[in-house]
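Here is the file data-v4.cif (mmCIF, C-alpha atoms).
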```cif
data_run
#
loop_
_atom_site.label_atom_id
_atom_site.label_comp_id
_atom_site.auth_asym_id
_atom_site.auth_seq_id
_atom_site.Cartn_x
_atom_site.Cartn_y
_atom_site.Cartn_z
CA MET A 275 -19.09 17.62 -0.66
CA PRO A 276 -21.98 18.08 -3.05
CA ASP A 277 -25.21 19.25 -1.56
CA ALA A 278 -27.01 15.94 -1.26
CA ALA A 279 -30.10 17.77 -0.04
CA LEU A 280 -30.52 19.30 -3.52
CA ALA A 281 -30.41 15.93 -5.25
CA GLU A 282 -33.68 14.55 -6.53
CA LYS A 283 -32.55 11.06 -7.40
CA THR A 284 -31.96 8.36 -4.81
CA ILE A 285 -30.06 5.09 -4.76
CA GLU A 286 -30.15 2.18 -2.31
CA LEU A 287 -26.93 1.17 -0.56
CA LYS A 288 -26.89 -2.25 1.13
CA ILE A 289 -24.08 -2.15 3.66
CA LEU A 290 -22.69 -5.05 5.66
CA ARG A 291 -22.88 -3.84 9.27
CA TYR A 292 -21.01 -5.30 12.23
CA ARG A 293 -20.98 -3.70 15.66
CA PRO A 294 -18.89 -6.00 17.87
CA ALA A 295 -20.56 -4.87 21.10
CA SER A 296 -24.06 -5.82 19.99
CA ASP A 297 -23.92 -8.03 16.86
CA ALA A 298 -23.10 -11.73 16.94
CA GLU A 299 -22.22 -11.60 13.25
CA PRO A 300 -22.33 -9.13 10.34
CA ALA A 301 -25.67 -8.45 8.66
CA PHE A 302 -26.79 -6.17 5.84
CA GLY A 303 -28.44 -2.84 6.56
CA SER A 304 -30.17 -0.84 3.84
CA PHE A 305 -29.96 2.93 3.30
CA THR A 306 -31.54 5.03 0.56
CA VAL A 307 -29.52 8.15 -0.16
CA PRO A 308 -30.03 11.09 -2.52
CA TYR A 309 -27.23 11.35 -5.07
CA THR A 310 -25.90 13.62 -7.78
CA ASP A 311 -23.97 12.54 -10.87
CA ASP A 312 -20.64 13.61 -9.39
CA MET A 313 -21.00 11.66 -6.13
CA SER A 314 -18.66 8.81 -5.24
CA VAL A 315 -19.62 5.80 -3.13
CA LEU A 316 -17.55 7.41 -0.37
CA GLN A 317 -19.73 10.52 -0.53
CA GLY A 318 -22.77 8.26 -0.35
CA LEU A 319 -21.39 6.75 2.85
CA GLN A 320 -20.64 10.23 4.24
CA THR A 321 -24.21 11.26 3.48
CA ILE A 322 -25.47 8.28 5.48
CA LYS A 323 -23.16 9.11 8.39
CA ASP A 324 -24.16 12.79 8.36
CA THR A 325 -27.91 12.44 7.91
CA LEU A 326 -29.16 8.88 8.48
CA ASP A 327 -26.96 6.90 10.88
CA GLY A 328 -24.00 8.43 12.67
CA THR A 329 -22.81 5.04 13.91
CA LEU A 330 -21.76 3.84 10.45
CA SER A 331 -17.98 3.24 10.52
CA PHE A 332 -15.62 3.40 7.53
CA ARG A 333 -12.10 4.64 6.84
CA TRP A 334 -11.34 7.50 4.51
CA SER A 335 -8.99 10.43 4.22
CA CYS A 336 -7.91 11.96 0.92
CA ARG A 337 -11.00 11.48 -1.31
CA MET A 338 -8.76 11.23 -4.41
CA ALA A 339 -7.25 7.72 -4.64
CA VAL A 340 -3.98 8.66 -3.01
CA CYS A 341 -4.22 7.58 0.63
CA GLY A 342 -5.54 4.03 0.14
CA SER A 343 -7.87 4.17 3.16
CA CYS A 344 -11.31 3.58 1.65
CA GLY A 345 -10.89 0.14 0.06
CA MET A 346 -14.08 -1.95 0.28
CA MET A 347 -16.05 -4.56 -1.64
CA ILE A 348 -18.44 -2.71 -3.94
CA ASN A 349 -20.87 -5.06 -5.67
CA GLY A 350 -18.44 -7.87 -4.85
CA THR A 351 -15.35 -6.24 -6.35
CA PRO A 352 -12.57 -4.68 -4.27
CA ARG A 353 -12.52 -0.96 -5.09
CA LEU A 354 -11.68 2.42 -3.60
CA ALA A 355 -14.97 4.04 -2.54
CA CYS A 356 -13.60 7.47 -3.49
CA ASN A 357 -13.01 6.69 -7.17
CA THR A 358 -16.12 4.57 -7.69
CA PHE A 359 -19.06 6.70 -8.77
CA LEU A 360 -22.68 6.06 -7.89
CA ARG A 361 -23.76 7.06 -11.42
CA ASN A 362 -21.95 3.97 -12.75
CA LEU A 363 -23.77 1.65 -10.36
CA LEU A 364 -27.34 2.49 -11.37
CA PRO A 365 -30.03 1.55 -10.73
CA GLY A 366 -28.76 -0.19 -7.61
CA PRO A 367 -29.00 -1.45 -4.99
CA VAL A 368 -25.25 -1.19 -4.43
CA THR A 369 -23.78 -3.84 -2.15
CA ILE A 370 -20.99 -2.54 0.07
CA GLU A 371 -18.96 -4.88 2.26
CA PRO A 372 -15.64 -4.64 4.12
CA LEU A 373 -12.62 -5.97 2.17
CA ASN A 374 -12.68 -9.73 1.70
CA ASN A 375 -10.07 -11.93 3.41
CA PHE A 376 -9.56 -9.54 6.36
CA PRO A 377 -11.06 -9.74 9.87
CA ILE A 378 -13.82 -7.15 10.30
CA GLU A 379 -13.26 -4.74 13.19
CA ARG A 380 -16.48 -2.77 12.79
CA ASP A 381 -18.82 -2.17 9.83
CA LEU A 382 -16.51 -1.44 6.83
CA VAL A 383 -13.33 -1.22 8.92
CA VAL A 384 -10.98 -4.22 8.72
CA SER A 385 -7.87 -5.22 10.69
CA VAL A 386 -4.68 -4.03 9.00
CA GLY A 387 -2.16 -5.13 11.66
CA ASP A 388 -0.95 -8.27 9.85
CA PHE A 389 -0.52 -6.34 6.60
CA VAL A 390 1.58 -3.66 8.31
CA LYS A 391 3.76 -6.41 9.86
CA LYS A 392 4.32 -7.87 6.38
CA ILE A 393 5.30 -4.46 5.04
CA GLU A 394 7.76 -4.07 7.91
CA SER A 395 9.23 -7.52 7.29
CA ILE A 396 10.51 -6.77 3.79
CA TYR A 397 12.94 -3.94 4.75
CA PRO A 398 10.90 -1.24 2.99
CA TYR A 399 13.73 1.22 2.51
CA ILE A 400 16.82 1.55 0.36
CA ILE A 401 19.83 -0.26 1.73
CA PRO A 402 22.63 1.42 -0.27
CA ARG A 403 24.63 -0.88 -2.48
CA GLU A 404 27.68 1.33 -1.91
CA PRO A 405 27.26 3.69 1.06
CA LYS A 406 28.29 7.24 0.17
CA THR A 407 28.98 10.32 2.24
CA ILE A 408 27.13 13.54 1.45
CA GLU A 409 30.38 14.98 0.03
CA GLU A 410 30.50 12.15 -2.51
CA GLY A 411 27.25 13.35 -4.03
CA PRO A 412 23.84 11.84 -4.83
CA TYR A 413 23.01 8.33 -6.02
CA LEU A 414 22.40 8.71 -9.73
CA GLN A 415 19.94 6.68 -11.77
CA THR A 416 19.08 6.53 -15.48
CA PRO A 417 15.46 6.74 -16.73
CA ALA A 418 15.69 3.05 -17.69
CA GLN A 419 16.81 2.11 -14.17
CA LEU A 420 13.88 4.11 -12.79
CA ALA A 421 11.40 2.45 -15.17
CA ALA A 422 12.52 -0.99 -13.92
CA TYR A 423 10.79 -0.45 -10.55
CA GLU A 424 8.72 2.73 -10.92
CA SER A 425 5.25 1.15 -11.10
CA PHE A 426 5.93 -0.72 -7.86
CA SER A 427 6.64 2.56 -6.06
CA ASP A 428 3.08 3.72 -6.84
CA CYS A 429 1.52 1.34 -4.29
CA ILE A 430 -0.76 3.14 -1.81
CA ASN A 431 -1.23 0.14 0.55
CA CYS A 432 -4.98 0.04 -0.07
CA MET A 433 -5.01 -3.79 0.22
CA LEU A 434 -7.48 -4.26 -2.66
CA CYS A 435 -5.04 -6.84 -4.10
CA TYR A 436 -5.24 -8.86 -0.88
CA ALA A 437 -9.04 -8.81 -1.02
CA ALA A 438 -8.81 -10.11 -4.61
CA CYS A 439 -6.30 -12.88 -3.83
CA PRO A 440 -7.89 -16.30 -3.14
CA GLN A 441 -4.53 -17.70 -2.00
CA PHE A 442 -4.33 -15.00 0.69
CA GLY A 443 -7.92 -15.91 1.57
CA GLU A 444 -6.87 -19.54 2.04
CA ASN A 445 -3.64 -18.67 3.88
CA PRO A 446 -3.61 -15.32 5.73
CA ASP A 447 0.13 -15.71 6.37
CA PHE A 448 0.93 -15.53 2.64
CA ILE A 449 3.13 -12.45 2.15
CA GLY A 450 0.73 -11.38 -0.60
CA PRO A 451 0.81 -9.11 -3.66
CA GLY A 452 1.08 -5.68 -1.99
CA ALA A 453 4.08 -6.44 0.24
CA MET A 454 5.81 -8.20 -2.67
CA ALA A 455 5.26 -5.16 -4.91
CA LEU A 456 6.91 -2.98 -2.27
CA LEU A 457 9.73 -5.52 -1.92
CA GLN A 458 10.32 -5.41 -5.67
CA ARG A 459 10.25 -1.61 -5.56
CA TYR A 460 13.45 -1.81 -3.48
CA ASN A 461 15.01 -5.00 -4.91
CA GLY A 462 14.54 -3.62 -8.41
CA ASP A 463 16.16 -0.29 -7.55
CA SER A 464 19.67 0.04 -9.01
CA ARG A 465 20.82 1.92 -5.87
CA ASP A 466 19.71 -0.85 -3.49
CA GLY A 467 21.86 -3.71 -2.21
CA GLY A 468 19.48 -5.34 0.28
CA ARG A 469 18.49 -8.35 -1.84
CA LEU A 470 19.86 -10.94 0.60
CA LYS A 471 17.96 -9.42 3.52
CA ARG A 472 14.72 -9.85 1.57
CA ILE A 473 15.27 -13.32 0.14
CA ASP A 474 13.55 -15.10 3.07
CA ALA A 475 10.37 -13.08 2.51
CA ILE A 476 10.45 -14.26 -1.11
CA SER A 477 11.46 -17.91 -0.71
CA GLY A 478 10.06 -18.72 2.74
CA ASP A 479 7.04 -20.94 3.47
CA ASN A 480 4.65 -18.02 3.04
CA GLY A 481 6.58 -16.39 0.21
CA VAL A 482 5.93 -16.17 -3.51
CA TRP A 483 5.37 -19.91 -4.01
CA SER A 484 1.97 -19.60 -2.32
CA CYS A 485 0.91 -17.68 -5.44
CA THR A 486 -0.73 -19.62 -8.27
CA ALA A 487 -0.77 -16.71 -10.73
CA VAL A 488 -4.50 -16.03 -10.49
CA GLY A 489 -3.63 -12.45 -11.48
CA ILE A 490 -6.76 -10.63 -10.29
CA CYS A 491 -4.60 -8.63 -7.84
CA SER A 492 -3.23 -6.64 -10.78
CA ASP A 493 -6.70 -6.24 -12.33
CA VAL A 494 -8.16 -4.56 -9.22
CA CYS A 495 -5.15 -2.34 -8.48
CA PRO A 496 -6.26 1.32 -8.67
CA LYS A 497 -2.70 2.55 -9.34
CA ASN A 498 -1.61 0.01 -12.02
CA VAL A 499 1.16 -1.25 -9.77
CA ASP A 500 0.91 -4.76 -11.26
CA PRO A 501 1.66 -6.69 -8.05
CA ALA A 502 1.24 -10.01 -9.93
CA ASN A 503 4.35 -9.07 -11.89
CA ALA A 504 6.26 -8.42 -8.65
CA VAL A 505 5.23 -11.78 -7.16
CA ASN A 506 5.83 -13.85 -10.28
CA GLN A 507 9.18 -12.42 -11.32
CA ASN A 508 10.35 -13.23 -7.82
CA LYS A 509 9.50 -16.89 -8.40
CA THR A 510 12.29 -16.80 -11.00
CA ASN A 511 14.57 -14.99 -8.54
CA SER A 512 13.72 -17.54 -5.84
CA ALA A 513 14.52 -20.45 -8.18
CA PHE A 514 17.82 -18.85 -9.24
CA ASP A 515 18.74 -18.26 -5.63
CA PHE A 516 17.95 -21.89 -4.76
CA PHE A 517 20.38 -23.20 -7.36
CA LEU A 518 23.01 -20.48 -7.14
CA ARG A 519 23.03 -19.93 -3.37
CA PHE A 520 26.27 -21.91 -3.00
CA LEU A 521 28.07 -19.47 -5.29
CA ARG A 522 27.25 -16.25 -3.47
CA LYS A 523 29.76 -14.87 -1.03
CA GLU A 524 27.34 -13.59 1.65
CA ASP A 525 24.66 -15.44 3.60
CA ALA A 526 21.00 -14.50 3.57
CA GLN A 527 20.08 -12.67 6.76
CA MET B 176 -13.80 -1.52 28.06
CA SER B 177 -12.71 -2.48 24.58
CA GLU B 178 -15.39 -3.70 22.23
CA LYS B 179 -12.75 -5.28 19.99
CA ARG B 180 -13.98 -8.62 18.66
CA PRO B 181 -12.79 -9.02 15.04
CA PHE B 182 -15.07 -11.16 12.91
CA THR B 183 -13.45 -13.36 10.26
CA ARG B 184 -15.54 -14.22 7.26
CA PRO B 185 -14.40 -17.51 5.68
CA ILE B 186 -13.50 -17.49 1.99
CA ALA B 187 -16.25 -19.09 -0.15
CA SER B 188 -15.26 -22.70 -0.88
CA ASP B 189 -16.37 -22.31 -4.51
CA TRP B 190 -14.50 -19.04 -5.23
CA TRP B 191 -12.83 -20.69 -8.24
CA ALA B 192 -16.17 -21.33 -9.95
CA HIS B 193 -17.25 -17.69 -10.21
CA PRO B 194 -16.00 -14.67 -12.16
CA PRO B 195 -13.45 -13.18 -12.12
CA TYR B 196 -11.73 -16.38 -10.99
CA ARG B 197 -13.48 -18.71 -13.45
CA ALA B 198 -11.11 -17.79 -16.32
CA TYR B 199 -8.17 -18.77 -14.10
CA THR B 200 -9.80 -22.11 -13.28
CA VAL B 201 -10.46 -22.89 -16.95
CA ARG B 202 -6.88 -21.90 -17.80
CA GLU B 203 -5.46 -24.24 -15.18
CA LEU B 204 -7.80 -27.10 -16.15
CA SER B 205 -6.75 -26.73 -19.80
CA GLY B 206 -3.33 -27.86 -18.58
CA VAL B 207 -4.89 -31.31 -18.10
CA ALA B 208 -5.47 -31.41 -21.88
CA VAL B 209 -1.73 -30.92 -22.41
CA ALA B 210 -1.08 -33.92 -20.17
CA VAL B 211 -3.69 -36.04 -22.00
CA TYR B 212 -2.16 -35.06 -25.35
CA GLY B 213 1.22 -36.16 -24.03
CA ALA B 214 -0.30 -39.44 -22.80
CA VAL B 215 -1.76 -40.17 -26.28
CA LEU B 216 1.68 -39.59 -27.85
CA PHE B 217 3.27 -41.79 -25.19
CA VAL B 218 0.82 -44.62 -25.88
CA GLY B 219 1.75 -44.29 -29.58
CA LEU B 220 5.44 -44.59 -28.73
CA VAL B 221 4.86 -47.66 -26.58
CA SER B 222 2.78 -49.32 -29.30
CA LEU B 223 5.54 -48.56 -31.83
CA TRP B 224 8.02 -50.26 -29.53
CA ARG B 225 5.74 -53.32 -29.13
CA GLY B 226 5.62 -54.01 -32.86
CA PRO B 227 3.70 -53.48 -36.13
CA ASP B 228 0.44 -55.10 -34.92
CA SER B 229 0.28 -52.90 -31.85
CA TYR B 230 1.16 -49.78 -33.84
CA GLY B 231 -1.46 -50.60 -36.47
CA ALA B 232 -4.07 -50.87 -33.75
CA PHE B 233 -2.97 -47.47 -32.40
CA LEU B 234 -3.29 -45.91 -35.89
CA ARG B 235 -6.78 -47.45 -36.30
CA PHE B 236 -7.74 -45.94 -32.95
CA LEU B 237 -6.47 -42.53 -34.10
CA LYS B 238 -8.70 -42.74 -37.19
CA SER B 239 -11.83 -43.64 -35.22
CA PRO B 240 -14.52 -40.94 -34.80
CA VAL B 241 -14.10 -41.03 -31.00
CA SER B 242 -10.39 -40.30 -31.34
CA ILE B 243 -10.93 -37.51 -33.89
CA LEU B 244 -13.49 -35.87 -31.60
CA LEU B 245 -11.15 -36.29 -28.62
CA ASN B 246 -8.27 -34.75 -30.57
CA LEU B 247 -10.36 -31.78 -31.69
CA VAL B 248 -11.38 -31.10 -28.09
CA LEU B 249 -7.79 -31.55 -26.90
CA LEU B 250 -6.45 -29.29 -29.66
CA ALA B 251 -8.87 -26.51 -28.70
CA ALA B 252 -7.97 -26.85 -25.02
CA VAL B 253 -4.23 -26.92 -25.74
CA LEU B 254 -4.46 -23.85 -27.99
CA TYR B 255 -6.33 -22.03 -25.20
CA HIS B 256 -3.64 -23.11 -22.78
CA VAL B 257 -0.88 -21.85 -25.10
CA VAL B 258 -2.49 -18.44 -25.57
CA THR B 259 -3.21 -17.93 -21.85
CA TRP B 260 0.26 -19.23 -20.99
CA PHE B 261 1.87 -16.51 -23.07
CA GLN B 262 -0.54 -13.95 -21.65
CA ILE B 263 0.97 -14.68 -18.23
CA LEU B 264 4.54 -14.74 -19.53
CA PRO B 265 5.13 -10.95 -19.14
CA LYS B 266 3.99 -11.24 -15.50
CA THR B 267 6.75 -13.74 -14.77
CA MET B 268 9.67 -11.68 -16.12
CA PRO B 269 11.32 -8.42 -15.09
CA LYS B 270 9.93 -5.34 -16.79
CA LEU B 271 11.34 -5.14 -20.30
CA ILE B 272 12.84 -1.68 -20.74
CA VAL B 273 13.69 -0.45 -24.25
CA ASP B 274 14.96 3.12 -24.72
CA GLY B 275 14.15 3.90 -21.11
CA LYS B 276 10.51 2.88 -21.44
CA GLN B 277 8.61 -0.22 -20.40
CA VAL B 278 7.48 -2.45 -23.26
CA PRO B 279 3.70 -3.04 -22.82
CA GLN B 280 2.90 -6.56 -21.64
CA ALA B 281 0.34 -7.10 -24.41
CA ARG B 282 3.07 -6.33 -26.97
CA ILE B 283 5.34 -9.02 -25.50
CA THR B 284 2.49 -11.55 -25.60
CA THR B 285 1.68 -10.70 -29.24
CA LEU B 286 5.31 -10.94 -30.40
CA VAL B 287 5.96 -14.23 -28.62
CA LEU B 288 2.66 -15.75 -29.83
CA ARG B 289 3.56 -14.81 -33.41
CA ALA B 290 7.01 -16.38 -33.05
CA VAL B 291 5.53 -19.54 -31.53
CA GLY B 292 2.82 -19.73 -34.20
CA PHE B 293 5.42 -19.34 -36.94
CA GLY B 294 7.60 -22.04 -35.35
CA ALA B 295 4.64 -24.40 -35.02
CA VAL B 296 3.63 -23.97 -38.67
CA CYS B 297 7.25 -24.58 -39.78
CA LEU B 298 7.36 -27.74 -37.65
CA VAL B 299 4.11 -29.06 -39.19
CA LEU B 300 5.32 -28.31 -42.75
CA LEU B 301 8.68 -29.97 -42.04
CA THR B 302 6.94 -33.05 -40.62
CA ILE B 303 4.65 -33.30 -43.66
CA GLY B 304 7.72 -32.89 -45.91
CA PHE B 305 9.55 -35.72 -44.14
CA ALA B 306 6.48 -37.95 -44.24
CA ARG B 307 6.29 -37.80 -48.03
#
```
Represent the structure from my file as structure tokens, please.
Amino acid sequence: MPDAALAEKTIELKILRYRPASDAEPAFGSFTVPYTDDMSVLQGLQTIKDTLDGTLSFRWSCRMAVCGSCGMMINGTPRLACNTFLRNLLPGPVTIEPLNNFPIERDLVVSVGDFVKKIESIYPYIIPREPKTIEEGPYLQTPAQLAAYESFSDCINCMLCYAACPQFGENPDFIGPGAMALLQRYNGDSRDGGRLKRIDAISGDNGVWSCTAVGICSDVCPKNVDPANAVNQNKTNSAFDFFLRFLRKEDAQ
Amino acid sequence: MSEKRPFTRPIASDWWAHPPYRAYTVRELSGVAVAVYGAVLFVGLVSLWRGPDSYGAFLRFLKSPVSILLNLVLLAAVLYHVVTWFQILPKTMPKLIVDGKQVPQARITTLVLRAVGFGAVCLVLLTIGFAR
């Protein structure tokens, strides 16, 4: 990390704090940190934890927009703290809150249990259309077949899209943009044959029809996954399945 | 002892009134203009069915300043609705792959809007031609 001690400039970070053992409800705490031009918001938080207040809690791991751990509301917008730079937020103060629409566990840490359950519910793995033995060779795919789902495979589960989704805010059981992007990553894969296993997640009470095409989920996505595309093309799939379900040979599972 | 006591912040009841959600709200409300436009046409049809006097009254209403102002406002709102509708169109369809590459969504919107604009102009010209 850059040597914050050498920095001459400072910026104020207003952070929503919540310590469940002592606080009845979250409240803002203010910290003034030295910064350099190459410092991210995450590095600002690390500076606070190292030098000002060791009790500040936040998740992080990779520091390079790959792990999806450091999602938080920065000046009201869901962003990854590691790829948001303090130099772009001048003169401050910068408001930092835990992700919207999720229960707060402590400071900037939110509960992810429900999201993980949703991910598990959509069969997030390839269910081979035609099972092959190793001797029969690999499952081949053309570049066009790859392009059909590739963006959806870039999801890093950072949950920024959920924090941006007002329908998820109104109904926490809504399957949501992230899980639907992952679902489409597998449904859209030419090697996969698990569509009927995943149809309930699409068409059920908390499936894609809870979406009203607000579209901000795709705007805030740091990996250009376009979850709004995944959700809304599955409205078409859901409608087709409703009318054509009598023609298919297998039942949904 | 566990300190676990998750705190749920309620979603602001006026989320739809503020950016970035305001554009969505305006887009959805512009759909009301489409319905009002349809209602005006429907009233015209009913008055045509009721006879010449009724239809004449409807035409006089259309020529009144209030109606012209209403139609200008409705036209603007409907045009906004059309443009935003086609901006969402690429989100509602599978990725369009040509030569192994995804066609950019903005390109789809532009092409479809041009086609729709061309069709609309043809329809207006045809209608004017028939009316003569």
Next on the checklist: Selection in question (the file shown): the PyMOL selection byres ((chain A and resi 505-510) around 12). Which residues does it include, as a PyMOL selection string?
Outcome noted: (chain A and resi 426+435+448-459+461-462+469+472-478+480-489+491-492+499-504+511-518) or (chain B and resi 263-271)
Checklist entry - Would you list which chain B residues are within 7 Å of chain A using all atoms listed in the file, as an MDAnalysis selection string? => result chainID B and resid 178:184 186 199 266:270 272 275:277
Box for segment 274-280 of chain B: with edges along x, y and z, all listed atoms inside and 8 Å added on each side, what are the centre and edge lengths in Å to one decimal, as lines of an AutoDock Vina configuration file?
```
center_x = 8.9
center_y = -1.3
center_z = -22.6
size_x = 28.1
size_y = 26.5
size_z = 20.3
```
Item to check | Polymer residues at most 12 Å from segment 327-342 of chain A, only C-alpha atoms, same-chain spacing of 6 or more positions, as a PyMOL selection string | outcome: chain A and resi 275+289-294+303-307+313-321+353-359+370-373+378-386+428-435+452+495-497
Written selection (C-alpha atoms) as a compact mmCIF listing (two decimals), keeping the file's coordinate frame:
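Wrote again_34.txt, looks like this:
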```txt
# COMPACT_ATOMS: atom_id res chain seq x y z
CA MET A 275 -19.09 17.62 -0.66
CA ILE A 289 -24.08 -2.15 3.66
CA LEU A 290 -22.69 -5.05 5.66
CA ARG A 291 -22.88 -3.84 9.27
CA TYR A 292 -21.01 -5.30 12.23
CA ARG A 293 -20.98 -3.70 15.66
CA PRO A 294 -18.89 -6.00 17.87
CA GLY A 303 -28.44 -2.84 6.56
CA SER A 304 -30.17 -0.84 3.84
CA PHE A 305 -29.96 2.93 3.30
CA THR A 306 -31.54 5.03 0.56
CA VAL A 307 -29.52 8.15 -0.16
CA MET A 313 -21.00 11.66 -6.13
CA SER A 314 -18.66 8.81 -5.24
CA VAL A 315 -19.62 5.80 -3.13
CA LEU A 316 -17.55 7.41 -0.37
CA GLN A 317 -19.73 10.52 -0.53
CA GLY A 318 -22.77 8.26 -0.35
CA LEU A 319 -21.39 6.75 2.85
CA GLN A 320 -20.64 10.23 4.24
CA THR A 321 -24.21 11.26 3.48
CA ARG A 353 -12.52 -0.96 -5.09
CA LEU A 354 -11.68 2.42 -3.60
CA ALA A 355 -14.97 4.04 -2.54
CA CYS A 356 -13.60 7.47 -3.49
CA ASN A 357 -13.01 6.69 -7.17
CA THR A 358 -16.12 4.57 -7.69
CA PHE A 359 -19.06 6.70 -8.77
CA ILE A 370 -20.99 -2.54 0.07
CA GLU A 371 -18.96 -4.88 2.26
CA PRO A 372 -15.64 -4.64 4.12
CA LEU A 373 -12.62 -5.97 2.17
CA ILE A 378 -13.82 -7.15 10.30
CA GLU A 379 -13.26 -4.74 13.19
CA ARG A 380 -16.48 -2.77 12.79
CA ASP A 381 -18.82 -2.17 9.83
CA LEU A 382 -16.51 -1.44 6.83
CA VAL A 383 -13.33 -1.22 8.92
CA VAL A 384 -10.98 -4.22 8.72
CA SER A 385 -7.87 -5.22 10.69
CA VAL A 386 -4.68 -4.03 9.00
CA ASP A 428 3.08 3.72 -6.84
CA CYS A 429 1.52 1.34 -4.29
CA ILE A 430 -0.76 3.14 -1.81
CA ASN A 431 -1.23 0.14 0.55
CA CYS A 432 -4.98 0.04 -0.07
CA MET A 433 -5.01 -3.79 0.22
CA LEU A 434 -7.48 -4.26 -2.66
CA CYS A 435 -5.04 -6.84 -4.10
CA GLY A 452 1.08 -5.68 -1.99
CA CYS A 495 -5.15 -2.34 -8.48
CA PRO A 496 -6.26 1.32 -8.67
CA LYS A 497 -2.70 2.55 -9.34
```
Checklist entry - Looking at B:Pro194, B:Leu249, B:Val278, B:Pro185, which one is nearest to Gly213 of chain B, with distances taken over all atoms listed in the file? => result B:Leu249
Checklist entry - So what does the PyMOL selection byres ((chain B and resi 258) around 12) actually pick up in this one, as a PyMOL selection string? => result chain B and resi 202+205-206+251-257+259-264+281+284-289+291-292
Checklist entry - Please, what distance in Å, to one decimal, runs between atom CA of Gly345 of chain A and atom CA of Thr369 of chain A? => result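 Straight-line distance from atom CA of Gly345 of chain A to atom CA of Thr369 of chain A works out to 13.7 Å.
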Next on the checklist: What does the structure give for the distance between atom CA of Ile348 of chain A and atom CA of Phe302 of chain A, in Å to one decimal?
Outcome noted: 13.3 Å
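The interatomic distance for the pair atom CA of Ala187 of chain B and atom CA of Ala301 of chain A works out to 16.7 Å.
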Next on the checklist: Give me the residues near Val215 of chain B as a PyMOL selection string, where near means some atom within 12 Å (using all atoms listed in the file) and where sequence neighbours in that chain fewer than 3 positions away do not count.
Outcome noted: chain B and resi 208-212+218-222+233-234+236-237+242+245-246+249
Checklist entry - From the list A:Leu287, A:Cys344, A:Leu364, A:Ile400, which residue is nearest Asp463 of chain A when using only C-alpha atoms? => result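 Result for the nearest residue to Asp463 of chain A: A:Ile400.
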